[in-house]
Amino acid sequence: MSDQSHKIPQTEPRFSATFDTSTMSEIRRAAATGIYDIRGGGAKRKLPHFDDLLFLGASVSRYPLEGYREKCGTDVVLGTRFAKKPIHLKTPVTIAGMSFGALSGPAKESLGRGASAVGTSTTTGDGGMTPEERGHSTTLVYQYLPSRYGMNPDDLRKADAIEVVVGQGAKPGGGGMLLGQKITKRVAKMRCLPEGIDQRSSCRHPDWTGPDDLEIKIAELREITDWEKPIYVKVGATRPYFDVALAVKAGADVVVLDGMQGGTAATQEVFIEHVGIPILAAIRPAVQALQDMGMHRKVQLIVSGGIRNGADVAKALALGADAVAIGTAALVALGDNDPHLEEEYKKLGTTAGAYDDWHEGRDPAGITTQDPELMKRVDPVQAGRRLANYLSVMTMEAQVIARACGKSHLHNLEPEDLVALTVEASAMAKVPLAGTTWIPGVTKY
Amino acid sequence: METLTFDLDKKPLREINQFLHGDASTLNGKSIVIENPNGAHNIAVGLKADVEVTIKGHAGYYAAGMNQLAKVVVEGSVGSGVAENMMSGHVHVKGFASNAAGATANGGLLVIDGDAGLRCAIALKGADIVVGGSVGSFSAFMAQAGNLVILGDAGEGLGDSIYEARLFVRGKVKSLGADCEEKVMGPEERKILVDLLSRSGHGDVDPDSFKLYGSARTLYHFHVDNAGAY
Ligand SMILES: Cc1cc2nc3c(=O)[nH]c(=O)nc-3n(C[C@H](O)[C@H](O)[C@H](O)COP(=O)(O)O)c2cc1C
């Protein structure tokens, strides 16, 4: 008998899909500490994204352009609506706003060097403009944020464009955070805060509340800068049709739309993963709003949130954006989460590729830190070079795709060139499911 | 002093502001009068010269916004955000001010003879503000540095989540916000108050009739036991 009982097959240990190991570890962490998890980066779960779209390319019914020989333009002009001095970029891939404070001085300098080398812009962030950044960025966009940390009119006048930040994709409706470890003397002084405190940035602007006020605020910024500089409005992707329409009504030259995959320096995990919508779902309603107002291509649209390569750039542009912005990918190009630092990531209880405790300020790569020793690891010349290489590759990749679709400029890509791999992506991007003419919500199957 | 007069009924605001942004060396020491403001927004914003601007009537939002060096006098009332993010200089409102007066101001002196609305001195970053009347609710919210002197009363939630700013109140405070508490006024603070009273035309007011409020500093670090206050 006992022999037989040995033969009863055992069910193999089975993990729950609902209570997976990361969920359970978070329950244990919450139970031990009593406070929510804060981390950097964007949404980590799988979401409908540009990977769910494909280009059709040319064949008999369309003809392609010759790779490397026939011209495929990549330039973009931002701020043509009202600004006396619009911005001219050679590539539609821009560097998103990331604060000095969240990032080290050398990291900001690297971003400036890399972007300038390929003719694109960088953006300041919560915490103001540093001389390193202004000095090394040919085109610098100055963020005007709810916290107004480090905000001053001299820097406003030094900027090439102004970005009024209403929200961010990682945390629409939320303000920033910078924990004590990163509030060093220099950061504290720039933000006018006591050194070493846990800082929260406000989530609303202090001196305006609704779209009608925003219109007056934008007018103020224009008056102060004598109508020279393009004014962007950045929103997290939530109700893109209405937000874009209101931003345009308020007088924006450019709208920046950031999806939920978009990175952040530090935010509650629950916020990052559960608030906002993926950029794939946000672009078409945003473009629709511009088209309904007769403003598509007059007010430019910059989209961001999980842009990684030239295919993502081409897809965003084909859906109607004028340019894209990258945050996380730019940091990776500088050296963030690089496997050669694996030993050090292990010491922090993580592994290369998964490190996201940027708020703790102990980044072995020297990028998301204010530690003077760690930040020495970033060589702005070399890191800037890597970023420039990467930006060039993205641009060339987008050109490869555009030529294959027979387009002589990236902006000639259109939804027509795309199909979707999944029903969800088809419904969100409003392009047909591959092999069919079906767009859920638009055409009948 | 050379005086120049602009009539907002006849000249577009953009041209007046652009004139005021001219070369400081030619503007310094000049006196400019703006007639018929009629509540226009963004009058005299972004100045950076040692000029004196007198607005003959009511102004709208952001009057004297981001001021540097200039002295701006409003002979009437102002809309939201007067002297917002001022860096230096002096802004004097002879009437009342709407919401967010002196928001995020870094330096300089803002004097309001009448009352101020909600969120006066919100996120103050180092400037001095003297309000002759009362202020509305949520004033000095997240005020980081600088001084707010209120001769009248304060509304609800004064100084919520305040950092290192000082709040001097002569009248009643309806309620204090999270982490704001009454402080003992030492000689250093008293000196600041006396100086501000005299510079704002209230030199005859007894400094000892004020109470001082500031940060209890219990919310400076995230802590589970403070969760209720966040
Ligand atoms: C380290 C870091 C700091 C950031 N700081 C800011 C900021 O100060 N202001 C802002 O508007 N967005 C900020 N963002 C968001 C970016 O501007 C951008 O929206 C986002 O990174 C785009 O998504 P991606 O990271 O997937 O490319 C930050 C992002 C990162 C990764």
# chains A, B, ... in the order shown; residues from 1 in each chain; ligands from 1
>>> residues_near_ligand(ligand="ligand 1", cutoff="8 Å", atoms="only C-alpha atoms and all ligand atoms", output="JSON, numbers by chain")
{"A": [40, 41, 42, 95, 96, 97, 98, 99, 100, 102, 103, 123, 124, 125, 126, 127, 143, 145, 165, 167, 168, 169, 170, 176, 234, 236, 258, 259, 260, 261, 262, 263, 264, 265, 266, 304, 305, 306, 307, 308, 325, 326, 327, 328, 329, 330, 331, 358, 368]}
>>> interface_residues(of="chain B", to="chain A", cutoff="6 Å", atoms="only C-alpha atoms", output="number ranges by chain")
B: 42, 45-46, 81, 100, 220-221, 224
>>> residues_around(residues="segment 79-87 of chain A", least_positions_apart="2", cutoff="9 Å", atoms="only C-alpha atoms", output="ChimeraX atom specification")
/A:76-77,89,121,139,160-161,222,226-232,251-254,298-300
>>> write_last_selection(atoms="C-alpha atoms", output="compact mmCIF listing (two decimals), in the first residue's frame")
# COMPACT_ATOMS: atom_id res chain seq x y z
CA VAL A 76 10.73 69.43 -38.01
CA VAL A 77 9.80 73.00 -37.10
CA LEU A 89 15.27 70.46 -35.39
CA SER A 121 16.55 69.75 -28.27
CA THR A 139 18.24 74.15 -28.22
CA ASP A 160 14.60 78.57 -26.71
CA ALA A 161 11.08 77.42 -25.86
CA ARG A 222 4.47 85.40 -24.22
CA ASP A 226 8.07 89.38 -26.24
CA TRP A 227 6.26 86.66 -28.22
CA GLU A 228 9.56 85.17 -29.35
CA LYS A 229 9.53 81.69 -27.87
CA PRO A 230 7.33 78.74 -28.73
CA ILE A 231 5.13 77.72 -25.83
CA TYR A 232 4.44 74.04 -25.33
CA GLY A 251 -2.93 79.29 -27.12
CA ALA A 252 -0.31 76.54 -27.13
CA ASP A 253 2.13 76.42 -30.04
CA VAL A 254 2.98 72.79 -29.33
CA LYS A 298 -0.16 74.12 -37.25
CA VAL A 299 0.04 73.28 -33.57
CA GLN A 300 2.67 70.57 -33.42
>>> select_by_dssp(residues="segment 166-406 of chain A", states="helix (DSSP H, G or I)", output="ChimeraX atom specification")
/A:180-182,185-191,211-224,240-249,269-274,279-292,310-318,328-334,339-347,358-360,372-375,380-404
>>> residues_around(residues="Ile122 of chain B", least_positions_apart="2", cutoff="8 Å", atoms="only C-alpha atoms", output="CSV table (one decimal) with N, CA, C and O atoms, in the first residue's frame")
chain,number,residue,atom,x,y,z
A,206,PRO,N,0.3,77.0,-9.0
A,206,PRO,CA,-0.1,77.9,-7.9
A,206,PRO,C,-1.0,79.0,-8.3
A,206,PRO,O,-1.8,79.5,-7.5
B,100,ALA,N,-4.0,84.0,-5.1
B,100,ALA,CA,-2.6,83.7,-5.4
B,100,ALA,C,-1.7,85.0,-5.5
B,100,ALA,O,-0.8,85.0,-6.3
B,101,ALA,N,-2.0,86.0,-4.7
B,101,ALA,CA,-1.2,87.2,-4.7
B,101,ALA,C,0.3,86.8,-4.3
B,101,ALA,O,0.4,86.1,-3.3
B,102,GLY,N,1.2,87.2,-5.1
B,102,GLY,CA,2.6,87.0,-4.7
B,102,GLY,C,3.0,85.5,-4.8
B,102,GLY,O,4.0,85.1,-4.2
B,103,ALA,N,2.3,84.7,-5.5
B,103,ALA,CA,2.6,83.3,-5.6
B,103,ALA,C,4.1,83.0,-6.0
B,103,ALA,O,4.6,83.7,-6.9
B,104,THR,N,4.7,82.1,-5.3
B,104,THR,CA,6.1,81.7,-5.6
B,104,THR,C,7.1,82.8,-5.7
B,104,THR,O,8.2,82.6,-6.2
B,119,ARG,N,-5.2,81.6,-1.2
B,119,ARG,CA,-3.9,81.2,-1.6
B,119,ARG,C,-2.9,82.4,-1.7
B,119,ARG,O,-2.0,82.3,-2.5
B,120,CYS,N,-3.0,83.4,-0.9
B,120,CYS,CA,-2.0,84.5,-1.0
B,120,CYS,C,-0.7,83.9,-0.5
B,120,CYS,O,-0.6,83.0,0.4
B,124,LEU,N,5.5,80.5,-1.6
B,124,LEU,CA,6.4,81.7,-1.4
B,124,LEU,C,7.8,81.2,-1.3
B,124,LEU,O,8.1,80.2,-0.6
B,138,PHE,N,-6.2,79.0,2.7
B,138,PHE,CA,-5.1,78.3,2.1
B,138,PHE,C,-3.9,79.2,1.8
B,138,PHE,O,-3.2,79.0,0.8
B,139,SER,N,-3.9,80.3,2.5
B,139,SER,CA,-2.7,81.2,2.2
B,139,SER,C,-1.4,80.6,2.7
B,139,SER,O,-1.5,79.8,3.7
B,140,ALA,N,-0.3,81.0,2.1
B,140,ALA,CA,1.0,80.4,2.4
B,140,ALA,C,1.1,78.9,2.3
B,140,ALA,O,1.8,78.3,3.0
B,141,PHE,N,0.2,78.3,1.5
B,141,PHE,CA,0.3,76.9,1.3
B,141,PHE,C,1.7,76.5,0.7
B,141,PHE,O,2.2,77.2,-0.2
B,142,MET,N,2.4,75.6,1.3
B,142,MET,CA,3.7,75.1,0.9
B,142,MET,C,4.7,76.3,0.8
B,142,MET,O,5.6,76.2,0.0
B,143,ALA,N,4.5,77.3,1.6
B,143,ALA,CA,5.4,78.5,1.5
B,143,ALA,C,6.8,78.0,2.0
B,143,ALA,O,7.0,77.5,3.1
